[in-house]
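Report on the following structure.
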Amino acid sequence: MSGENIGDLSKEILADRYQCDRRLGKQAGRQTLLARDLKTQKQVVVKLLSFSSDFNWEDLKLFEREVETLKSLSHPAIPRYLDSFEIDTPKRKGFALVQTYIAAKSLQEYLSDGRTFSESEVKQLATALLDILAYLHQRQPPVIHRDIKPSNILLKNRSGNSVGEVYLVDFGAVQTLATQQGKTVTVVGTYGYMPPEQFGGRAVPASDLYGLGATLIALITKQHPADLPQKDLQIEFEQMTQLSPGFTNWLKWMTHPSLERRPASVQMAKEVLEKPPQINKSSLPLRKKQPVYHPLALGTRAIWYSFVTGVIAAGACTLIYGSLFMGLMTTTGWIGITLGGITMIIMAVFVSLHFGLLLGLGNGIIITIVTLLWFNPLTNPKLHRQVLSSVSMLISALITIYFFKNMNFKPEWDSNYILFAIGPSLITALSQGESSKFIARWYQKDSGL
């Protein structure tokens, strides 16, 4: 990243530790500086928010949010939080954020230098940035960057047909979905890279996808998206490129002005990027509204499916173990066998209903809580299915072992109840795991993904 001389500020040592070198960027009331950590002798980035004449309290809120967000992030393609402190000297007053320095050029600098990017390189960039956004959007609550653009994307070790290492920087506009609920949202971002909903103060994960698409269009056309023609707010860039039809449609999908006709998640965008023929189906309206959730319906359905699956699994286990138990008995004659069979069926029905109710309530309530706490809104359907399946298998196995422990086996069997519970535990765990996947797919569909 290039910089400029900062005059007298270069003589200052902030917090008795950070020797300022040069300016990397400047906005109203804020500066981004390259400095040296006198303790580690490493270069770092210092972002300053000064109490100057153009100071704005909204800037302080964004600055504090950036600090807290960076503290919670840990990704090799995102600057790492190092330090933050208040500045109170005769020369300046304000706050500072210190983060790791990435010695790399931004996409904007490459564009300014006249560098070009092939379709293959742009796809590499898209894949790398989608992976970074997947990490951010899967946080709880999801983290939305809100300012995806060429100057905030760095490339390191670019060579040949490889774009090298890709980094996403500048979280000064970052926002979590939690901060939007019941509050007035500050409109931030860069014109040309912002989707229509962001102008209204609304930002969702798909808003970052629009910024990514607009950034890639800027790389290909070498023009700012705001300078390109538009039709019904849709960026028209096809006539200036020689891209494959599949990739062209993908970019138009990513930058569709209607939120309902944009990818619903990073995972969906990546899947279609890797399989362009799917674009025609995926470019249709993707969701009813953004998003649709029915907690009561989710809980009811989760308990019901868990109950039904539990009854079937328990019935199968009872018949299997009942047959085994009868085989160990010394009963002879048709009357004894018939009475034993009737008894086994009655016991199977009783155990199935009792055990199914226990599984239905336990498993259904837990996966509903997990879904609403950590997957609301739903941004990663695959992870949601995997988590629900794993949780259900663990819960059902534990419930089965507990259930067997409290059954009245003969004394010589009672000490080995865990051994006798292994088979049913596996059967119920697998059945409940599949049931939870079914519930997860219903929830995904209901969420419009």
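Simple scheme: letters A, B, ... for chains in structure tokens order, numbers from 1 for residues in each chain, numbers from 1 for ligands in the order shown.
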Might you pull out every residue within 6 Å of range 429-444 of chain A, with only C-alpha atoms counted and same-chain residues fewer than 4 positions away left off, and present them as a list of chain:residue names?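 Selected residues are A:Arg385, A:Leu388, A:Ser389, A:Ser392, A:Met393, A:Ser396, A:Ala397, A:Ser425, A:Leu449.
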May I have the residues from that selection written out with C-alpha atoms, as an mmCIF file, in the first residue's frame?
```
data_model
loop_
_atom_site.group_PDB
_atom_site.id
_atom_site.type_symbol
_atom_site.label_atom_id
_atom_site.label_comp_id
_atom_site.auth_asym_id
_atom_site.auth_seq_id
_atom_site.Cartn_x
_atom_site.Cartn_y
_atom_site.Cartn_z
ATOM 1 C CA ARG A 385 -27.719 -29.401 8.882
ATOM 2 C CA LEU A 388 -28.449 -30.286 14.032
ATOM 3 C CA SER A 389 -27.570 -33.817 12.947
ATOM 4 C CA SER A 392 -29.566 -34.875 17.626
ATOM 5 C CA MET A 393 -27.388 -37.966 17.465
ATOM 6 C CA SER A 396 -30.822 -39.349 21.311
ATOM 7 C CA ALA A 397 -27.903 -41.604 22.276
ATOM 8 C CA SER A 425 -28.466 -45.966 20.888
ATOM 9 C CA LEU A 449 -32.635 -20.080 0.763
#
```
Quick one: everything within 7 Å of range 41-47 of chain A, counting only C-alpha atoms, minus sequence neighbours fewer than 2 positions away in the same chain. Send it as a ChimeraX atom specification. /A:31-39,49,96-101
List the spatial neighbours of range 154-168 of chain A as an MDAnalysis selection string - criterion: any atom at most 10 Å away, only C-alpha atoms, same-chain residues fewer than 3 positions off excluded. chainID A and resid 1 75:79 102:110 117:118 120:129 132:133 145 148:151 171
File of the preceding selection, N, CA, C and O atoms, as a compact mmCIF listing (two decimals), in the first residue's frame:
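Below is the file that was written, out.txt:
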```
# COMPACT_ATOMS: atom_id res chain seq x y z
N MET A 1 0.85 -1.20 0.00
CA MET A 1 0.00 0.00 0.00
C MET A 1 0.88 1.24 0.00
O MET A 1 1.82 1.36 0.77
N HIS A 75 -8.82 -14.46 11.32
CA HIS A 75 -8.78 -15.05 9.98
C HIS A 75 -7.51 -14.58 9.29
O HIS A 75 -7.16 -13.40 9.38
N PRO A 76 -6.80 -15.47 8.62
CA PRO A 76 -5.51 -15.09 8.00
C PRO A 76 -5.63 -14.02 6.92
O PRO A 76 -4.63 -13.37 6.59
N ALA A 77 -6.82 -13.82 6.37
CA ALA A 77 -7.00 -12.82 5.31
C ALA A 77 -7.61 -11.52 5.82
O ALA A 77 -8.01 -10.67 5.02
N ILE A 78 -7.65 -11.36 7.14
CA ILE A 78 -8.21 -10.16 7.75
C ILE A 78 -7.18 -9.59 8.74
O ILE A 78 -6.58 -10.36 9.50
N PRO A 79 -6.94 -8.27 8.73
CA PRO A 79 -5.98 -7.69 9.69
C PRO A 79 -6.32 -8.08 11.12
O PRO A 79 -7.49 -8.13 11.50
N ILE A 102 -0.33 -5.31 6.38
CA ILE A 102 -0.19 -6.26 5.28
C ILE A 102 0.53 -5.55 4.14
O ILE A 102 -0.02 -4.61 3.55
N ALA A 103 1.74 -5.96 3.84
CA ALA A 103 2.54 -5.33 2.80
C ALA A 103 2.06 -5.82 1.44
O ALA A 103 2.60 -6.79 0.88
N ALA A 104 1.03 -5.19 0.93
CA ALA A 104 0.45 -5.62 -0.34
C ALA A 104 -0.21 -4.44 -1.03
O ALA A 104 -0.52 -3.42 -0.40
N LYS A 105 -0.43 -4.58 -2.34
CA LYS A 105 -1.09 -3.52 -3.11
C LYS A 105 -2.58 -3.80 -3.19
O LYS A 105 -3.01 -4.96 -3.25
N SER A 106 -3.35 -2.74 -3.21
CA SER A 106 -4.80 -2.88 -3.33
C SER A 106 -5.20 -3.07 -4.79
O SER A 106 -4.45 -2.74 -5.71
N LEU A 107 -6.39 -3.59 -5.00
CA LEU A 107 -6.91 -3.73 -6.36
C LEU A 107 -7.02 -2.37 -7.04
O LEU A 107 -6.81 -2.25 -8.26
N GLN A 108 -7.32 -1.34 -6.26
CA GLN A 108 -7.42 0.00 -6.82
C GLN A 108 -6.08 0.46 -7.36
O GLN A 108 -6.00 1.09 -8.42
N GLU A 109 -5.00 0.13 -6.64
CA GLU A 109 -3.66 0.50 -7.11
C GLU A 109 -3.31 -0.26 -8.38
O GLU A 109 -2.69 0.29 -9.29
N TYR A 110 -3.69 -1.52 -8.46
CA TYR A 110 -3.45 -2.28 -9.69
C TYR A 110 -4.20 -1.66 -10.86
O TYR A 110 -3.67 -1.55 -11.97
N PHE A 117 -6.97 -7.93 -15.52
CA PHE A 117 -7.29 -9.20 -14.88
C PHE A 117 -8.09 -10.06 -15.84
O PHE A 117 -9.08 -9.61 -16.40
N SER A 118 -7.63 -11.29 -16.04
CA SER A 118 -8.33 -12.21 -16.91
C SER A 118 -9.56 -12.76 -16.19
O SER A 118 -9.71 -12.60 -14.98
N SER A 120 -10.19 -15.82 -15.58
CA SER A 120 -9.72 -16.83 -14.63
C SER A 120 -9.26 -16.18 -13.32
O SER A 120 -9.57 -16.67 -12.23
N GLU A 121 -8.53 -15.06 -13.43
CA GLU A 121 -8.05 -14.37 -12.23
C GLU A 121 -9.20 -13.77 -11.44
O GLU A 121 -9.21 -13.81 -10.20
N VAL A 122 -10.17 -13.21 -12.16
CA VAL A 122 -11.32 -12.62 -11.48
C VAL A 122 -12.11 -13.69 -10.73
O VAL A 122 -12.59 -13.46 -9.61
N LYS A 123 -12.21 -14.87 -11.32
CA LYS A 123 -12.89 -15.97 -10.63
C LYS A 123 -12.12 -16.41 -9.40
O LYS A 123 -12.71 -16.75 -8.37
N GLN A 124 -10.79 -16.41 -9.49
CA GLN A 124 -9.97 -16.73 -8.32
C GLN A 124 -10.23 -15.72 -7.20
O GLN A 124 -10.37 -16.09 -6.04
N LEU A 125 -10.27 -14.45 -7.59
CA LEU A 125 -10.57 -13.40 -6.62
C LEU A 125 -11.94 -13.61 -5.99
O LEU A 125 -12.11 -13.49 -4.77
N ALA A 126 -12.92 -13.90 -6.83
CA ALA A 126 -14.28 -14.10 -6.35
C ALA A 126 -14.34 -15.24 -5.33
O ALA A 126 -14.94 -15.11 -4.26
N THR A 127 -13.67 -16.34 -5.64
CA THR A 127 -13.69 -17.50 -4.74
C THR A 127 -13.03 -17.16 -3.41
O THR A 127 -13.55 -17.49 -2.34
N ALA A 128 -11.86 -16.49 -3.47
CA ALA A 128 -11.14 -16.13 -2.24
C ALA A 128 -11.96 -15.18 -1.38
O ALA A 128 -12.04 -15.34 -0.16
N LEU A 129 -12.59 -14.19 -2.00
CA LEU A 129 -13.37 -13.21 -1.24
C LEU A 129 -14.66 -13.83 -0.70
O LEU A 129 -15.11 -13.47 0.39
N ILE A 132 -13.79 -15.47 2.48
CA ILE A 132 -13.65 -14.51 3.58
C ILE A 132 -15.02 -14.06 4.07
O ILE A 132 -15.29 -13.99 5.28
N LEU A 133 -15.91 -13.76 3.12
CA LEU A 133 -17.26 -13.32 3.49
C LEU A 133 -18.02 -14.45 4.20
O LEU A 133 -18.83 -14.19 5.09
N HIS A 145 -19.59 -6.41 6.18
CA HIS A 145 -18.51 -5.45 5.94
C HIS A 145 -19.05 -4.09 5.49
O HIS A 145 -18.61 -3.04 5.94
N ILE A 148 -17.33 -3.23 0.52
CA ILE A 148 -16.50 -4.03 -0.38
C ILE A 148 -16.22 -3.20 -1.63
O ILE A 148 -17.15 -2.79 -2.33
N LYS A 149 -14.96 -2.93 -1.90
CA LYS A 149 -14.55 -2.16 -3.07
C LYS A 149 -13.07 -2.42 -3.34
O LYS A 149 -12.35 -2.97 -2.48
N PRO A 150 -12.55 -2.05 -4.52
CA PRO A 150 -11.16 -2.35 -4.88
C PRO A 150 -10.12 -1.85 -3.89
O PRO A 150 -9.12 -2.54 -3.65
N SER A 151 -10.31 -0.68 -3.29
CA SER A 151 -9.30 -0.14 -2.38
C SER A 151 -9.23 -0.89 -1.06
O SER A 151 -8.27 -0.75 -0.31
N PHE A 171 -12.42 -2.25 8.18
CA PHE A 171 -13.71 -2.61 8.75
C PHE A 171 -14.36 -1.40 9.42
O PHE A 171 -15.14 -1.54 10.36
```
Residue nearest Glu64 in chain A among A:Pro263, A:Gly356, A:Gly172, A:Pro225 (counting only C-alpha atoms):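 Closest residue, counting only C-alpha atoms: A:Gly172.
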Phe95 in chain A surroundings by only C-alpha atoms, 7 Å radius, close-in-sequence under 3 positions cut, as number ranges by chain: A: 48-50, 85-87
Just give me the gap between CA of Arg80 in chain A and CA of His224 in chain A in Å, one decimal is fine. 29.5 Å
DSSP alpha helix (DSSP H) selection over range 17-206 of chain A, as a ChimeraX atom specification: /A:57-72,107-112,119-137,177-180,196-199,205-206
Sorted per-residue table, range 59-159 of chain A near range 366-378 of chain A, closest atoms and distance, 12 Å, only C-alpha atoms, as JSON lines:
```
{"residue": "A:His137", "atom": "CA", "partner": "A:Leu378", "partner_atom": "CA", "distance": 9.7}
{"residue": "A:Gln138", "atom": "CA", "partner": "A:Phe375", "partner_atom": "CA", "distance": 8.7}
{"residue": "A:Arg139", "atom": "CA", "partner": "A:Trp374", "partner_atom": "CA", "distance": 8.9}
{"residue": "A:Gln140", "atom": "CA", "partner": "A:Trp374", "partner_atom": "CA", "distance": 6.3}
{"residue": "A:Pro141", "atom": "CA", "partner": "A:Trp374", "partner_atom": "CA", "distance": 7.9}
{"residue": "A:Pro142", "atom": "CA", "partner": "A:Pro377", "partner_atom": "CA", "distance": 8.5}
```
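Of the residues under consideration (A:Leu219, A:Leu359, A:Val272, A:Val174), A:Val272 shows the shortest atom-to-atom contact distance to Leu130 in chain A when counting only C-alpha atoms.
Counting only C-alpha atoms and comparing A:Ser265, A:Ser84, A:Thr69, A:Asn56, the residue that lies closest to Arg17 in chain A is A:Ser84.
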Exercise: Met254 in chain A partners within 12 Å, only C-alpha atoms, chain neighbours under 2 positions left out, as a PyMOL selection string: chain A and resi 126+130+193+195+205-217+234-235+247-252+256-266+268-270+272-273+279+282-283
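You will find CA of Gln223 in chain A at 15.1 Å from CA of Gln242 in chain A.
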Every residue of range 48-114 of chain A that DSSP places in strand (DSSP E), as a short mmCIF file (atom, residue, chain, number, x, y, z; two decimals) with N, CA, C and O atoms, in the first residue's frame:
```
data_model
loop_
_atom_site.label_atom_id
_atom_site.label_comp_id
_atom_site.auth_asym_id
_atom_site.auth_seq_id
_atom_site.Cartn_x
_atom_site.Cartn_y
_atom_site.Cartn_z
N LEU A 48 -6.47 6.54 13.31
CA LEU A 48 -6.70 7.62 14.26
C LEU A 48 -8.07 8.25 14.04
O LEU A 48 -8.45 8.56 12.90
N LEU A 49 -8.78 8.47 15.13
CA LEU A 49 -10.02 9.25 15.10
C LEU A 49 -9.78 10.47 15.98
O LEU A 49 -9.62 10.34 17.20
N SER A 50 -9.72 11.64 15.36
CA SER A 50 -9.35 12.84 16.09
C SER A 50 -10.58 13.69 16.41
O SER A 50 -11.53 13.77 15.62
N TYR A 81 -6.33 -7.54 15.19
CA TYR A 81 -6.34 -6.49 16.21
C TYR A 81 -5.10 -6.64 17.11
O TYR A 81 -4.76 -7.74 17.54
N LEU A 82 -4.44 -5.50 17.37
CA LEU A 82 -3.27 -5.51 18.25
C LEU A 82 -3.45 -4.66 19.50
O LEU A 82 -3.06 -5.07 20.59
N ASP A 83 -4.04 -3.47 19.33
CA ASP A 83 -4.11 -2.55 20.46
C ASP A 83 -5.11 -1.45 20.15
O ASP A 83 -5.45 -1.19 18.99
N SER A 84 -5.59 -0.78 21.19
CA SER A 84 -6.43 0.41 21.04
C SER A 84 -6.24 1.25 22.30
O SER A 84 -6.06 0.71 23.39
N PHE A 85 -6.30 2.55 22.14
CA PHE A 85 -6.06 3.43 23.28
C PHE A 85 -6.60 4.83 22.99
O PHE A 85 -6.90 5.18 21.83
N GLU A 86 -6.69 5.62 24.04
CA GLU A 86 -7.14 7.01 23.92
C GLU A 86 -5.93 7.92 23.80
O GLU A 86 -4.89 7.69 24.44
N ILE A 87 -6.04 8.94 22.97
CA ILE A 87 -4.96 9.91 22.79
C ILE A 87 -5.37 11.21 23.46
O ILE A 87 -6.44 11.76 23.17
N ASP A 88 -4.55 11.70 24.34
CA ASP A 88 -4.84 12.96 25.04
C ASP A 88 -3.52 13.70 25.27
O ASP A 88 -2.90 13.61 26.31
N LYS A 93 -6.24 15.01 20.37
CA LYS A 93 -7.10 14.23 21.26
C LYS A 93 -7.98 13.32 20.39
O LYS A 93 -8.46 13.75 19.35
N GLY A 94 -8.14 12.10 20.86
CA GLY A 94 -8.97 11.17 20.09
C GLY A 94 -8.71 9.74 20.50
O GLY A 94 -8.36 9.46 21.66
N PHE A 95 -8.88 8.85 19.55
CA PHE A 95 -8.71 7.42 19.82
C PHE A 95 -7.87 6.79 18.71
O PHE A 95 -7.82 7.31 17.59
N ALA A 96 -7.23 5.67 19.04
CA ALA A 96 -6.39 4.98 18.06
C ALA A 96 -6.66 3.48 18.10
O ALA A 96 -6.92 2.91 19.16
N LEU A 97 -6.60 2.89 16.93
CA LEU A 97 -6.72 1.44 16.77
C LEU A 97 -5.47 0.95 16.07
O LEU A 97 -5.08 1.49 15.03
N VAL A 98 -4.85 -0.08 16.62
CA VAL A 98 -3.63 -0.63 16.02
C VAL A 98 -3.93 -2.04 15.52
O VAL A 98 -4.50 -2.86 16.25
N GLN A 99 -3.54 -2.32 14.29
CA GLN A 99 -3.75 -3.63 13.70
C GLN A 99 -2.55 -4.04 12.87
O GLN A 99 -1.67 -3.22 12.59
N THR A 100 -2.49 -5.31 12.49
CA THR A 100 -1.35 -5.79 11.73
C THR A 100 -1.29 -5.13 10.35
O THR A 100 -2.32 -4.77 9.77
N LYS A 105 -0.43 -4.58 -2.34
CA LYS A 105 -1.09 -3.52 -3.11
C LYS A 105 -2.58 -3.80 -3.19
O LYS A 105 -3.01 -4.96 -3.25
N SER A 106 -3.35 -2.74 -3.21
CA SER A 106 -4.80 -2.88 -3.33
C SER A 106 -5.20 -3.07 -4.79
O SER A 106 -4.45 -2.74 -5.71
#
```
So the first atom is CA of Thr116 in chain A and the second is CA of Pro229 in chain A; what is the distance between them in Å, to one decimal place?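 We find that CA of Thr116 in chain A and CA of Pro229 in chain A lie 21.2 Å from each other.
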